[in-house]
Structures are given as structure tokens and as C-alpha cells.
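> Below you'll find the structure I mean.
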Amino acid sequence: MNLIVNNGWLNVYKPPNITSSKTVLKIKKQFKLKKIGHAGTLDPNAEGILPIAFGSTTKIISFMENKNKKYSFTIKWGEQTSTDDSEGKIIFKSSKIPNTDEIKKLLPNFIGNIQQIPPKYSAIKINGNRAYDLSRNKIEFKLKPRFVRVYSIKCLKNKKYNESSFSVICGKGFYVRSFARDFAINLSTRGHILRLKREKVGIFNVTNSILLDDLLKIGHLSNEIKGFYPSSVVLDDIPALEVDNEEKNKIRMGKKIDISFLSKNSIEEFQTKKIIFAKNNNELIALGYIERNFFRPNKVFNKEN
């Protein structure tokens, strides 16, 4: 049955040359959505997976942002730009072009927990202002280094003598542009991102995504749309409490429910977790916690259809 949905995720494939915020605005206008947001900004000239939450699913965007990501990208050697990608002005040049052996030898230094300083042109907020706005207005500011996680990074086959392609799997907060800048400097040269594609965010990948243009041709959101996922799909690593219809209605009114009918071991296991979620079949009802023998909701979700 093709059901119209009010909450959920859209695994959207963003094309290059459009910002993440404009992508959201187009979807919001097309489907007349009141609540909508995206998880993890993609650069305007980048393409790939942009998870979109709508309805009360926007309450759990942070869970999607914490998922691991996979990128493929190309570094152009010999030039560093103001934005660390091809959109910016060239600010430093170098005649050195690293060879494959030099690149592969250095890569292990950038795996694990590493420190990065985000690009000056990024969506990070500085005293309430976006870093890219401050940069465009030529206002001086400093960004602090922070630790990010890199699980693996590979150098792929080079297409040109001054370009190298890579694939990386990383955690939250990793900037590919910062990697290009820092990696080039460590190779005694300069570099910037020429092409960037986000291939995966959690379980969302290119294969199960929907192209932005294809999505905008659809009249309404339904559970049959390619790229649609229910809210709970991002909570696969959080314990779930199955509730019946009566309990579901109580939770939606903000009331606690008695879970003493569960086994002692189940209750004790839930009590060790900071957060769990209540669901009815595959429908996400609420996020909450266990207090003694009760489930107390702190984020309640509306009906998904």
C-alpha cells in the first residue's frame, strides 16, 4: 500500500553547484513541508549523499550526523586556494608534485584520531556567525583544531600527473578540504580539492538514493519513493522497546509507561543505557530513558502516516 508519510528520511543525491540549504528549500517548497533539515553539510560544488529529515524526524538529525561517512575525492597538487577547493583564489603555489610512493608512505599518519583545523570557508559558527560569512566579509578569526576519526584512506589510480584520487571512510566532523590542505603541506607542496563526492552516510549510499531532480518531479511523499526511510533507521545501535497500541497512545501524551512485565534482565539492561527508543512495529514513538520500572519519554514523535 502506497502511504503518504509525515515523518522520515530522504536519502537525496545532491548534484554539484547547489548548496545544501538550497537543496532543502527546494524540497520544502515542493512538498509544502513545515519541518525539514539536513544532516551534514555538503560543499556547493560537491555531489553525493545528503540525508534529509522531515517532520518530527528533524529531532534526531544529530544521530545521522554521528554516522560514519565515505568520500571519494581528487586533490590537485601545486596550488592552495582560499577555500581549499577549486572555488577559491590561489593563495600559495608550489612546483613540487608528489609521486605515488611519497603519497602512500605518508597516508598512515592520517589514519586514526587526528587533529584538524576546519577550513575558513565552512559552516562552523564563530560567536553566532558562520565561518564562511566572516571569511567573505574579510573579518579575521581563528578556528581551533579538533580531533576527528579516520578509519581508512586509500590512494587510487592517478588520472593526471598533478592530480591524485582518494577514498576515505571517516567519522563526524572530518573535512576533506582540510585533509587536502594539510596532506599537501606535509608533502612539502600545496594542494586543494578538485572534485568531491560523498558516497555513503551510515546505511545511506548512492545505490539507495534518489536524485534531487527526480524527487522534485514527484507530487507527494510516500513510503514507496526510492530513497525514503522511516525515522528509526538511524537508531540501529540504540536499544528498542516494543510497545502496544495502548502504550503508544500514553507515550504520545507524554506519559510514562510501566515496563515491569519485562524480565528482570531486560529491565536491568535497559537501565544501563542513557537513551532508548520506543517503537510500535516499525513506527518510532519516542526517545526516552528507564527510571526504575518505567519508560519516560523525552522526545515524542508524531504519526508517520
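Following the order of the C-alpha cells, chains are lettered A, B, ..., residues in each are numbered from 1, and ligands are numbered from 1.
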Can you pull out every residue within 10 Å of Leu42 of chain A, counting only C-alpha atoms, but drop anything in the same chain fewer than 4 positions away, and send it as a list of chain:residue names?
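Here the qualifying residues turn out to be A:Lys14, A:Pro16, A:Ile18, A:Thr19, A:Ser20, A:Ser21, A:His38, A:Ala46, A:Glu47, A:Gly48, A:Ile49, A:Leu50, A:Ser122, A:Ala123, A:Leu196, A:Lys197, A:Arg198.
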> May I have the residues within 8 Å of Ser209 of chain A as a VMD selection string, using only C-alpha atoms and disregarding those fewer than 5 positions away in the same chain?
chain A and resid 10 to 13 49 204 226 to 227
> Which residues are near Ile267 of chain A? Cut-off 10 Å, only C-alpha atoms, ignore same chain within fewer than 4 positions. Put them as a PyMOL selection string.
chain A and resi 259-263+271-272+290-295
> Go through segment 17-106 of chain A and flag each residue having an atom no more than 12 Å from segment 127-149 of chain A; for those, report the closest pair of atoms plus their distance in Å to one decimal, using only C-alpha atoms, ordered by chain and rising number, as a tab-separated table.

```
residue	atom	partner	partner_atom	distance
A:Asp43	CA	A:Tyr132	CA	11.3
A:Asn66	CA	A:Arg149	CA	11.3
A:Lys67	CA	A:Arg149	CA	11.5
A:Asn68	CA	A:Arg149	CA	9.3
A:Lys69	CA	A:Arg149	CA	10.6
A:Ser82	CA	A:Ser135	CA	9.3
A:Thr83	CA	A:Tyr132	CA	9.1
A:Gly88	CA	A:Arg136	CA	10.9
```
> Selection from above, C-alpha atoms, as a short mmCIF file (atom, residue, chain, number, x, y, z; two decimals), in the first residue's frame, can you write it?

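Below is the file again-v1.cif, written as the result:
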```cif
data_model
loop_
_atom_site.label_atom_id
_atom_site.label_comp_id
_atom_site.auth_asym_id
_atom_site.auth_seq_id
_atom_site.Cartn_x
_atom_site.Cartn_y
_atom_site.Cartn_z
CA ASP A 43 30.00 21.86 -0.17
CA ASN A 66 27.19 10.89 14.01
CA LYS A 67 27.21 8.12 11.38
CA ASN A 68 30.40 7.24 9.51
CA LYS A 69 30.83 8.67 6.03
CA SER A 82 41.48 30.41 -0.07
CA THR A 83 38.62 27.90 0.21
CA GLY A 88 38.68 29.88 -4.16
#
```
> Please determine, counting only C-alpha atoms, which residue among A:Leu215, A:Ile111, A:Ala39, A:Ile153 has the shortest atom-to-atom distance to Val234 of chain A.
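Checking each candidate against Val234 of chain A, we get A:Ala39 as the closest.
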> Leaving out segment 28-35 of chain A and any residue of its chain fewer than 4 positions from it, which residues lie within 10 Å of it when counting only C-alpha atoms, given as a list in words?
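Everything that qualifies: Asn6, Asn7, Lys22, Thr23, Val24, Ala53, Phe54, Gly55, Ser56, Thr57, Thr58, Lys59, Leu215, Leu216, Lys217, Ile218, Gly219, His220 and Leu221 of chain A.
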> Using only C-alpha atoms, which residues sit within 7 Å of Tyr151 of chain A once same-chain residues fewer than 3 positions away are excluded, as a PyMOL selection string?
chain A and resi 111-112+169-170
> Please, what distance in Å, to one decimal, runs between atom CA of Asn17 of chain A and atom CA of Pro44 of chain A?
5.2 Å
